Each structure stands twice: as C-alpha cells, then as structure tokens.
Amino acid sequence: GAVVSQHPSWVICKSGTSVKIECRSLDFQATTMFWYRQFPKQSLMLMATSNEGSKATYEQGVEKDKFLINHASLTLSTLTVTSAHPEDSSFYICSARARDPGPSSYNEQFFGPGTRLTVL
Amino acid sequence: GQNIDQPTEMTATEGAIVQINCTYQTSGFNGLFWYQQHAGEAPTFLSYNVLDGLEEKGRFSSFLSRSKGYSYLLLKELQMKDSASYLCAVEAGTALIFGKGTTLSVSS
C-alpha cells in the first residue's frame with residue numbers, strides 16, 4: 001500500500017523556538033495533505049488541509065500564523081510550529097490523499113506514523 | 001455542526017464478538033471510515049462504507065445506515081492484539097472528521 005513518512009518521529013524543544021515537521025508521500029503523488037493533532041486519550045483533530053501549490057485551509061480555532069504549512073510539491077508538506085509553548089506539546093499526524101484513487105472505489109487517506117512534540 | 005459519537009471504552013474477552021457503535025451528524029457525507037489506532041501510533045485503515053449495508057473483511061465487518069446516521073464495527077474471534085482504540089470517521093467534503101475513539105480492552 002501507499003506509504004507516508006514523517007520526520008522527525010519525536011522532538012523536544014525549548015519554549016519559544018520553532019519546530020518543522022515534514023510529511024512525505026513515498027510512492028505516490030499527493031494532491032492533498034492533512035495535518036492533525038492528537039492530545040492524550042483524545043481523537044484526531046484536523047488542523048488544516050493543504051493542496052499542492054496553494055495556501056492551506058485552516059480549521060476554526062487553529063492559528064495560521066502559528067502553524068505554518070507549506071505544500072511545495074506533490075510529495076512533501078511541512079508544518080512549522082512557530083514560537084512553540086508547552087501547550088503545543090502533542091502528537092502531530094499527517095495524512096495524504098493520492099492524486100488518483102487507483103483501484104479503490106474511494107479516495108483513501110494514508111497516515112504518517114506521527115511526530116511527538118514536547119515543548120519544555 | 002459536526003458531531004460523531006462512539007462509546008469511550010469497551011471490554012471483551014478473547015474469542016468473543018464485540019460491536020462498536022458510531023452515530024454521526026455531519027454537514028455532508030462522502031463515506032464513513034473505521035480506523036484502528038494503537039497507543040502512540042498512527043491510525044491504520046480498517047474499513048470504508050458509503051452505501052447502506054454490511055461490508056465484511058475477514059474478522060472485521062462494518063455496517064452503515066445513512067438514513068439513521070449510524071454505523072457499527074463488528075470484531076469477531078477477538079485476539080489480545082485487538083486491544084486498541086477504534087476511530088469512526090466521516091468524510092464530509094474533503095476532510096475526515098473523527099469521533100473521539102473507543103478504547104477496546106481484550107482480556108484472556
């Protein structure tokens with residue numbers, strides 16, 4: 001099946017610094033990538049949707065100036081958490097949707113392994 | 001608004017059958033997904049329903065009733081490794097809206 005990677009898998013940073021998380025589709029082209037955040041024992045909350053070559057669409061309550069998303073190519077999207085604070089500590093997961101659904105009858109999203117961010 | 005409800009926790013024993021229910025109210029519906037998620041890992045796809053009825057895939061089956069805004073995931077012949085969170089997600093537009101997940105504990 002399709003593979004999505006994330007880097008780094010975990011990161012610890014000091015309060016006030018910025019952290020960049022990469023999401024890559026390894027064997028398919030992704031026209032759309034999604035960024036989710038998951039707090040302990042909570043479900044995935046969609047933060048933003050990004051389409052290659054255009055600005056990301058942010059969900060209500062998500063600060064676009066704090067969570068910068070760049071989808072520069074069909075295989076790479078990045079999420080930068082600017083001026084991170086302890087409350088930003090969370091599990092960040094990306095997913096990617098293929099350009100063409102292929103044999104599936106639906107347009108499945110493929111999830112990356114997630115990035116655990118801890119802000120001290 | 002968007003609302004997806006599922007039980008928070010369920011317990012069952014090895015070899016048993018368990019049904020995890022999901023009700024939803026969303027603006028738009030393009031299909032319903034079930035995912036399995038182990039702690040600290042990304043969700044893995046289990047099933048997809050867009051038409052009413054039952055989809056069977058090995059030990060896992062998923063049912064959908066669009067008129068009732070209702071779905072369930074049926075797990076048969078439970079194994080210890082099935083202990084995980086099970087997430088119900090509705091595709092509304094292009095995005096997936098997730099429920100809070102049901103934590104299933106399987107005991108021997």
# chains A, B, ... in the order shown; residues from 1 in each chain; ligands from 1
$ interface_residues --of "chain B" --to "chain A" --cutoff "12 Å" --atoms "only C-alpha atoms" --output "PyMOL selection string"
chain B and resi 4-6+8-9+30-51+84-91+93-103
$ residues_around --residues "Gln19 of chain B" --least-positions-apart "3" --cutoff "8 Å" --atoms "only C-alpha atoms" --output "list in words"
Tyr72, Leu73, Leu74 and Leu75 of chain B
$ write_last_selection --atoms "all heavy atoms" --output "mmCIF file, in the first residue's frame"
data_model
loop_
_atom_site.group_PDB
_atom_site.id
_atom_site.type_symbol
_atom_site.label_atom_id
_atom_site.label_comp_id
_atom_site.auth_asym_id
_atom_site.auth_seq_id
_atom_site.Cartn_x
_atom_site.Cartn_y
_atom_site.Cartn_z
ATOM 1 N N TYR B 72 -21.687 0.617 12.645
ATOM 2 C CA TYR B 72 -21.007 -0.169 13.671
ATOM 3 C C TYR B 72 -19.868 -0.961 13.060
ATOM 4 O O TYR B 72 -19.880 -1.292 11.876
ATOM 5 C CB TYR B 72 -21.968 -1.079 14.441
ATOM 6 C CG TYR B 72 -22.587 -2.240 13.677
ATOM 7 C CD1 TYR B 72 -21.841 -3.363 13.305
ATOM 8 C CD2 TYR B 72 -23.941 -2.232 13.345
ATOM 9 C CE1 TYR B 72 -22.424 -4.414 12.615
ATOM 10 C CE2 TYR B 72 -24.532 -3.291 12.668
ATOM 11 C CZ TYR B 72 -23.775 -4.369 12.300
ATOM 12 O OH TYR B 72 -24.353 -5.418 11.622
ATOM 13 N N LEU B 73 -18.894 -1.233 13.906
ATOM 14 C CA LEU B 73 -17.766 -2.090 13.559
ATOM 15 C C LEU B 73 -17.902 -3.357 14.382
ATOM 16 O O LEU B 73 -18.041 -3.299 15.604
ATOM 17 C CB LEU B 73 -16.434 -1.403 13.880
ATOM 18 C CG LEU B 73 -15.162 -2.194 13.600
ATOM 19 C CD1 LEU B 73 -14.966 -2.356 12.086
ATOM 20 C CD2 LEU B 73 -13.951 -1.501 14.218
ATOM 21 N N LEU B 74 -17.884 -4.486 13.710
ATOM 22 C CA LEU B 74 -18.036 -5.778 14.378
ATOM 23 C C LEU B 74 -16.706 -6.522 14.316
ATOM 24 O O LEU B 74 -16.149 -6.707 13.230
ATOM 25 C CB LEU B 74 -19.131 -6.598 13.691
ATOM 26 C CG LEU B 74 -19.635 -7.836 14.421
ATOM 27 C CD1 LEU B 74 -20.448 -7.422 15.643
ATOM 28 C CD2 LEU B 74 -20.506 -8.680 13.485
ATOM 29 N N LEU B 75 -16.210 -6.895 15.463
ATOM 30 C CA LEU B 75 -14.957 -7.639 15.529
ATOM 31 C C LEU B 75 -15.258 -9.044 16.062
ATOM 32 O O LEU B 75 -15.786 -9.202 17.151
ATOM 33 C CB LEU B 75 -13.937 -6.960 16.447
ATOM 34 C CG LEU B 75 -13.410 -5.595 16.019
ATOM 35 C CD1 LEU B 75 -14.374 -4.484 16.402
ATOM 36 C CD2 LEU B 75 -12.051 -5.341 16.663
#
$ select_by_dssp --residues "segment 32-85 of chain A" --states "strand (DSSP E or B)" --output "VMD selection string"
chain A and resid 32 to 38 45 to 51 57 to 58 67 to 73 76 to 81
$ closest_residue --among "A:Ser77, A:His71, A:Ala96, A:Trp35" --to "Tyr58 of chain A" --atoms "only C-alpha atoms"
A:Trp35
$ residues_around --residues "Asp65 of chain A" --least-positions-apart "2" --cutoff "10 Å" --atoms "only C-alpha atoms" --output "PDB file with N, CA and C atoms, in the first residue's frame"
ATOM      1  N   VAL A  62      -7.620  27.277  14.768  1.00  0.00           N
ATOM      2  CA  VAL A  62      -6.204  26.990  14.533  1.00  0.00           C
ATOM      3  C   VAL A  62      -5.543  28.239  13.969  1.00  0.00           C
ATOM      4  N   GLU A  63      -4.493  28.718  14.650  1.00  0.00           N
ATOM      5  CA  GLU A  63      -3.844  29.964  14.240  1.00  0.00           C
ATOM      6  C   GLU A  63      -2.915  29.708  13.054  1.00  0.00           C
ATOM      7  N   PHE A  67       0.938  28.012  13.098  1.00  0.00           N
ATOM      8  CA  PHE A  67       1.149  26.717  12.455  1.00  0.00           C
ATOM      9  C   PHE A  67       1.251  26.948  10.946  1.00  0.00           C
ATOM     10  N   LEU A  68       2.499  27.104  10.501  1.00  0.00           N
ATOM     11  CA  LEU A  68       2.742  27.406   9.101  1.00  0.00           C
ATOM     12  C   LEU A  68       2.820  26.124   8.291  1.00  0.00           C
ATOM     13  N   ILE A  69       2.035  26.060   7.233  1.00  0.00           N
ATOM     14  CA  ILE A  69       2.001  24.864   6.404  1.00  0.00           C
ATOM     15  C   ILE A  69       2.435  25.217   4.992  1.00  0.00           C
ATOM     16  N   THR A  80       5.264  23.908  10.371  1.00  0.00           N
ATOM     17  CA  THR A  80       6.186  24.571  11.278  1.00  0.00           C
ATOM     18  C   THR A  80       5.406  25.163  12.434  1.00  0.00           C
ATOM     19  N   VAL A  81       5.746  24.709  13.619  1.00  0.00           N
ATOM     20  CA  VAL A  81       5.140  25.258  14.836  1.00  0.00           C
ATOM     21  C   VAL A  81       6.038  26.402  15.283  1.00  0.00           C
ATOM     22  N   THR A  82       5.572  27.620  15.155  1.00  0.00           N
ATOM     23  CA  THR A  82       6.402  28.777  15.489  1.00  0.00           C
ATOM     24  C   THR A  82       6.205  29.176  16.946  1.00  0.00           C
TER      25      THR A  82
END
$ atom_distance --atom1 "atom CA of Ser71 of chain B" --atom2 "atom CA of Thr31 of chain A"
29.1 Å
$ residues_around --residues "Ser65 of chain B" --least-positions-apart "2" --cutoff "8 Å" --atoms "only C-alpha atoms" --output "MDAnalysis selection string"
chainID B and resid 51:53 63 67:71
$ write_last_selection --atoms "N, CA, C and O atoms" --output "mmCIF file, in the first residue's frame"
data_model
loop_
_atom_site.group_PDB
_atom_site.id
_atom_site.type_symbol
_atom_site.label_atom_id
_atom_site.label_comp_id
_atom_site.auth_asym_id
_atom_site.auth_seq_id
_atom_site.Cartn_x
_atom_site.Cartn_y
_atom_site.Cartn_z
ATOM 1 N N LEU B 51 -22.279 3.081 0.999
ATOM 2 C CA LEU B 51 -23.654 2.656 0.762
ATOM 3 C C LEU B 51 -24.166 1.904 1.984
ATOM 4 O O LEU B 51 -23.379 1.326 2.738
ATOM 5 N N ASP B 52 -25.473 1.899 2.151
ATOM 6 C CA ASP B 52 -26.067 1.163 3.267
ATOM 7 C C ASP B 52 -25.741 -0.320 3.162
ATOM 8 O O ASP B 52 -25.729 -0.887 2.074
ATOM 9 N N GLY B 53 -25.537 -0.918 4.315
ATOM 10 C CA GLY B 53 -25.329 -2.349 4.317
ATOM 11 C C GLY B 53 -24.052 -2.741 5.034
ATOM 12 O O GLY B 53 -23.403 -1.926 5.690
ATOM 13 N N PHE B 63 -20.933 -1.842 9.249
ATOM 14 C CA PHE B 63 -22.299 -1.638 8.769
ATOM 15 C C PHE B 63 -22.600 -0.148 8.731
ATOM 16 O O PHE B 63 -22.122 0.618 9.567
ATOM 17 N N SER B 67 -29.608 6.683 6.526
ATOM 18 C CA SER B 67 -30.834 7.347 6.972
ATOM 19 C C SER B 67 -30.849 7.529 8.485
ATOM 20 O O SER B 67 -31.412 8.498 8.996
ATOM 21 N N LYS B 68 -30.199 6.642 9.197
ATOM 22 C CA LYS B 68 -30.151 6.727 10.664
ATOM 23 C C LYS B 68 -28.880 7.393 11.167
ATOM 24 O O LYS B 68 -28.732 7.618 12.378
ATOM 25 N N GLY B 69 -27.957 7.704 10.273
ATOM 26 C CA GLY B 69 -26.690 8.292 10.724
ATOM 27 C C GLY B 69 -25.976 7.371 11.687
ATOM 28 O O GLY B 69 -25.484 7.788 12.734
ATOM 29 N N TYR B 70 -25.862 6.106 11.299
ATOM 30 C CA TYR B 70 -25.403 5.078 12.233
ATOM 31 C C TYR B 70 -24.493 4.080 11.522
ATOM 32 O O TYR B 70 -24.735 3.694 10.376
ATOM 33 N N SER B 71 -23.463 3.695 12.252
ATOM 34 C CA SER B 71 -22.565 2.669 11.756
ATOM 35 C C SER B 71 -22.102 1.813 12.923
ATOM 36 O O SER B 71 -22.160 2.246 14.079
#
$ atom_distance --atom1 "atom CA of Ala12 of chain B" --atom2 "atom CA of Ser108 of chain B"
8.8 Å
$ closest_residue --among "B:Ser61, B:Ala92, B:Gln79, B:Phe29" --to "Leu104 of chain B" --atoms "only C-alpha atoms"
B:Gln79
$ residues_around --residues "Val11 of chain A" --least-positions-apart "5" --cutoff "10 Å" --atoms "only C-alpha atoms" --output "NGL selection string"
:A and (19-21 or 89 or 115-119)
$ write_last_selection --atoms "C-alpha atoms" --output "compact mmCIF listing (two decimals), in the first residue's frame"
# COMPACT_ATOMS: atom_id res chain seq x y z
CA VAL A 19 9.92 23.25 15.03
CA LYS A 20 9.45 21.95 11.49
CA ILE A 21 7.78 18.62 10.78
CA SER A 89 3.00 19.56 23.09
CA THR A 115 5.52 13.15 15.36
CA ARG A 116 5.55 13.50 19.12
CA LEU A 117 6.36 17.12 20.05
CA THR A 118 7.33 18.01 23.60
CA VAL A 119 7.90 21.65 24.43
$ atom_distance --atom1 "atom CA of Gln2 of chain B" --atom2 "atom CA of Phe39 of chain A"
19.3 Å
$ residues_around --residues "Ala2 of chain A" --least-positions-apart "6" --cutoff "9 Å" --atoms "only C-alpha atoms" --output "PyMOL selection string"
chain A and resi 25-28+98+110
$ write_last_selection --atoms "N, CA and C atoms" --output "compact mmCIF listing (two decimals), in the first residue's frame"
# COMPACT_ATOMS: atom_id res chain seq x y z
N SER A 25 4.94 11.69 0.98
CA SER A 25 4.34 10.51 0.37
C SER A 25 5.45 9.85 -0.44
N LEU A 26 5.77 8.61 -0.11
CA LEU A 26 6.97 7.98 -0.66
C LEU A 26 6.76 7.34 -2.03
N ASP A 27 5.59 6.82 -2.29
CA ASP A 27 5.41 6.09 -3.53
C ASP A 27 4.15 6.51 -4.29
N PHE A 28 3.69 7.70 -4.01
CA PHE A 28 2.55 8.22 -4.77
C PHE A 28 2.55 9.73 -4.67
N ALA A 98 -4.05 10.41 -2.43
CA ALA A 98 -3.42 10.26 -3.74
C ALA A 98 -4.13 11.09 -4.79
N PHE A 110 -3.92 8.18 3.55
CA PHE A 110 -2.86 7.34 4.13
C PHE A 110 -2.14 8.17 5.19
$ decode --residues "segment 59-72 of chain A" --atoms "all heavy atoms" --output "PDB file, in the first residue's frame"
ATOM      1  N   GLU A  59      -8.627  24.970  10.006  1.00  0.00           N
ATOM      2  CA  GLU A  59      -9.873  24.765  10.728  1.00  0.00           C
ATOM      3  C   GLU A  59     -10.074  25.897  11.745  1.00  0.00           C
ATOM      4  O   GLU A  59      -9.111  26.568  12.162  1.00  0.00           O
ATOM      5  CB  GLU A  59      -9.856  23.414  11.449  1.00  0.00           C
ATOM      6  CG  GLU A  59      -9.828  22.235  10.499  1.00  0.00           C
ATOM      7  CD  GLU A  59     -11.042  22.174   9.597  1.00  0.00           C
ATOM      8  OE1 GLU A  59     -12.190  22.115  10.120  1.00  0.00           O
ATOM      9  OE2 GLU A  59     -10.862  22.188   8.356  1.00  0.00           O
ATOM     10  N   GLN A  60     -11.312  26.072  12.107  1.00  0.00           N
ATOM     11  CA  GLN A  60     -11.631  27.128  13.068  1.00  0.00           C
ATOM     12  C   GLN A  60     -10.864  26.911  14.365  1.00  0.00           C
ATOM     13  O   GLN A  60     -10.808  25.790  14.884  1.00  0.00           O
ATOM     14  CB  GLN A  60     -13.138  27.112  13.340  1.00  0.00           C
ATOM     15  CG  GLN A  60     -13.643  28.331  14.056  1.00  0.00           C
ATOM     16  CD  GLN A  60     -15.171  28.358  14.140  1.00  0.00           C
ATOM     17  OE1 GLN A  60     -15.830  27.403  13.742  1.00  0.00           O
ATOM     18  NE2 GLN A  60     -15.716  29.446  14.634  1.00  0.00           N
ATOM     19  N   GLY A  61     -10.274  27.977  14.855  1.00  0.00           N
ATOM     20  CA  GLY A  61      -9.547  27.898  16.112  1.00  0.00           C
ATOM     21  C   GLY A  61      -8.070  27.593  15.957  1.00  0.00           C
ATOM     22  O   GLY A  61      -7.335  27.622  16.948  1.00  0.00           O
ATOM     23  N   VAL A  62      -7.620  27.277  14.768  1.00  0.00           N
ATOM     24  CA  VAL A  62      -6.204  26.990  14.533  1.00  0.00           C
ATOM     25  C   VAL A  62      -5.543  28.239  13.969  1.00  0.00           C
ATOM     26  O   VAL A  62      -5.970  28.769  12.944  1.00  0.00           O
ATOM     27  CB  VAL A  62      -6.030  25.815  13.548  1.00  0.00           C
ATOM     28  CG1 VAL A  62      -4.554  25.564  13.278  1.00  0.00           C
ATOM     29  CG2 VAL A  62      -6.696  24.566  14.098  1.00  0.00           C
ATOM     30  N   GLU A  63      -4.493  28.718  14.650  1.00  0.00           N
ATOM     31  CA  GLU A  63      -3.844  29.964  14.240  1.00  0.00           C
ATOM     32  C   GLU A  63      -2.915  29.708  13.054  1.00  0.00           C
ATOM     33  O   GLU A  63      -1.901  29.004  13.177  1.00  0.00           O
ATOM     34  CB  GLU A  63      -3.025  30.521  15.401  1.00  0.00           C
ATOM     35  CG  GLU A  63      -3.841  30.853  16.651  1.00  0.00           C
ATOM     36  CD  GLU A  63      -2.925  31.270  17.786  1.00  0.00           C
ATOM     37  OE1 GLU A  63      -2.152  32.225  17.594  1.00  0.00           O
ATOM     38  OE2 GLU A  63      -2.975  30.623  18.864  1.00  0.00           O
ATOM     39  N   LYS A  64      -3.226  30.297  11.931  1.00  0.00           N
ATOM     40  CA  LYS A  64      -2.419  30.066  10.734  1.00  0.00           C
ATOM     41  C   LYS A  64      -1.041  30.694  10.844  1.00  0.00           C
ATOM     42  O   LYS A  64      -0.095  30.243  10.189  1.00  0.00           O
ATOM     43  CB  LYS A  64      -3.143  30.572   9.492  1.00  0.00           C
ATOM     44  CG  LYS A  64      -3.410  32.056   9.493  1.00  0.00           C
ATOM     45  CD  LYS A  64      -4.132  32.445   8.201  1.00  0.00           C
ATOM     46  CE  LYS A  64      -4.408  33.946   8.161  1.00  0.00           C
ATOM     47  NZ  LYS A  64      -5.129  34.333   6.910  1.00  0.00           N
ATOM     48  N   ASP A  65      -0.895  31.733  11.657  1.00  0.00           N
ATOM     49  CA  ASP A  65       0.424  32.360  11.803  1.00  0.00           C
ATOM     50  C   ASP A  65       1.308  31.576  12.761  1.00  0.00           C
ATOM     51  O   ASP A  65       2.527  31.773  12.789  1.00  0.00           O
ATOM     52  CB  ASP A  65       0.273  33.794  12.308  1.00  0.00           C
ATOM     53  CG  ASP A  65      -0.412  34.674  11.285  1.00  0.00           C
ATOM     54  OD1 ASP A  65      -0.267  34.394  10.080  1.00  0.00           O
ATOM     55  OD2 ASP A  65      -1.112  35.621  11.690  1.00  0.00           O
ATOM     56  N   LYS A  66       0.703  30.723  13.538  1.00  0.00           N
ATOM     57  CA  LYS A  66       1.480  29.915  14.474  1.00  0.00           C
ATOM     58  C   LYS A  66       1.835  28.560  13.860  1.00  0.00           C
ATOM     59  O   LYS A  66       2.913  28.038  14.076  1.00  0.00           O
ATOM     60  CB  LYS A  66       0.683  29.687  15.758  1.00  0.00           C
ATOM     61  CG  LYS A  66       1.431  28.853  16.794  1.00  0.00           C
ATOM     62  CD  LYS A  66       0.714  28.822  18.099  1.00  0.00           C
ATOM     63  CE  LYS A  66       1.501  27.990  19.103  1.00  0.00           C
ATOM     64  NZ  LYS A  66       2.838  28.567  19.380  1.00  0.00           N
ATOM     65  N   PHE A  67       0.938  28.012  13.098  1.00  0.00           N
ATOM     66  CA  PHE A  67       1.149  26.717  12.455  1.00  0.00           C
ATOM     67  C   PHE A  67       1.251  26.948  10.946  1.00  0.00           C
ATOM     68  O   PHE A  67       0.258  26.995  10.233  1.00  0.00           O
ATOM     69  CB  PHE A  67       0.003  25.760  12.784  1.00  0.00           C
ATOM     70  CG  PHE A  67      -0.136  25.464  14.251  1.00  0.00           C
ATOM     71  CD1 PHE A  67      -1.075  26.141  15.023  1.00  0.00           C
ATOM     72  CD2 PHE A  67       0.682  24.527  14.860  1.00  0.00           C
ATOM     73  CE1 PHE A  67      -1.197  25.872  16.383  1.00  0.00           C
ATOM     74  CE2 PHE A  67       0.559  24.251  16.217  1.00  0.00           C
ATOM     75  CZ  PHE A  67      -0.379  24.925  16.982  1.00  0.00           C
ATOM     76  N   LEU A  68       2.499  27.104  10.501  1.00  0.00           N
ATOM     77  CA  LEU A  68       2.742  27.406   9.101  1.00  0.00           C
ATOM     78  C   LEU A  68       2.820  26.124   8.291  1.00  0.00           C
ATOM     79  O   LEU A  68       3.580  25.227   8.611  1.00  0.00           O
ATOM     80  CB  LEU A  68       4.051  28.190   8.960  1.00  0.00           C
ATOM     81  CG  LEU A  68       4.138  29.507   9.744  1.00  0.00           C
ATOM     82  CD1 LEU A  68       5.497  30.150   9.536  1.00  0.00           C
ATOM     83  CD2 LEU A  68       3.026  30.451   9.334  1.00  0.00           C
ATOM     84  N   ILE A  69       2.035  26.060   7.233  1.00  0.00           N
ATOM     85  CA  ILE A  69       2.001  24.864   6.404  1.00  0.00           C
ATOM     86  C   ILE A  69       2.435  25.217   4.992  1.00  0.00           C
ATOM     87  O   ILE A  69       1.958  26.185   4.406  1.00  0.00           O
ATOM     88  CB  ILE A  69       0.599  24.241   6.392  1.00  0.00           C
ATOM     89  CG1 ILE A  69       0.279  23.683   7.778  1.00  0.00           C
ATOM     90  CG2 ILE A  69       0.489  23.142   5.332  1.00  0.00           C
ATOM     91  CD1 ILE A  69      -1.137  23.190   7.937  1.00  0.00           C
ATOM     92  N   ASN A  70       3.349  24.410   4.474  1.00  0.00           N
ATOM     93  CA  ASN A  70       3.837  24.588   3.114  1.00  0.00           C
ATOM     94  C   ASN A  70       3.715  23.270   2.381  1.00  0.00           C
ATOM     95  O   ASN A  70       4.182  22.243   2.852  1.00  0.00           O
ATOM     96  CB  ASN A  70       5.305  25.049   3.137  1.00  0.00           C
ATOM     97  CG  ASN A  70       5.811  25.345   1.742  1.00  0.00           C
ATOM     98  OD1 ASN A  70       6.091  24.437   0.972  1.00  0.00           O
ATOM     99  ND2 ASN A  70       5.923  26.607   1.415  1.00  0.00           N
ATOM    100  N   HIS A  71       3.073  23.298   1.228  1.00  0.00           N
ATOM    101  CA  HIS A  71       2.891  22.080   0.422  1.00  0.00           C
ATOM    102  C   HIS A  71       3.509  22.373  -0.940  1.00  0.00           C
ATOM    103  O   HIS A  71       2.815  22.618  -1.919  1.00  0.00           O
ATOM    104  CB  HIS A  71       1.396  21.772   0.310  1.00  0.00           C
ATOM    105  CG  HIS A  71       1.101  20.413  -0.237  1.00  0.00           C
ATOM    106  ND1 HIS A  71      -0.130  19.809  -0.068  1.00  0.00           N
ATOM    107  CD2 HIS A  71       1.836  19.536  -0.942  1.00  0.00           C
ATOM    108  CE1 HIS A  71      -0.131  18.626  -0.651  1.00  0.00           C
ATOM    109  NE2 HIS A  71       1.049  18.437  -1.187  1.00  0.00           N
ATOM    110  N   ALA A  72       4.837  22.342  -0.955  1.00  0.00           N
ATOM    111  CA  ALA A  72       5.578  22.825  -2.120  1.00  0.00           C
ATOM    112  C   ALA A  72       5.599  21.852  -3.287  1.00  0.00           C
ATOM    113  O   ALA A  72       5.812  22.251  -4.422  1.00  0.00           O
ATOM    114  CB  ALA A  72       7.000  23.165  -1.702  1.00  0.00           C
TER     115      ALA A  72
END
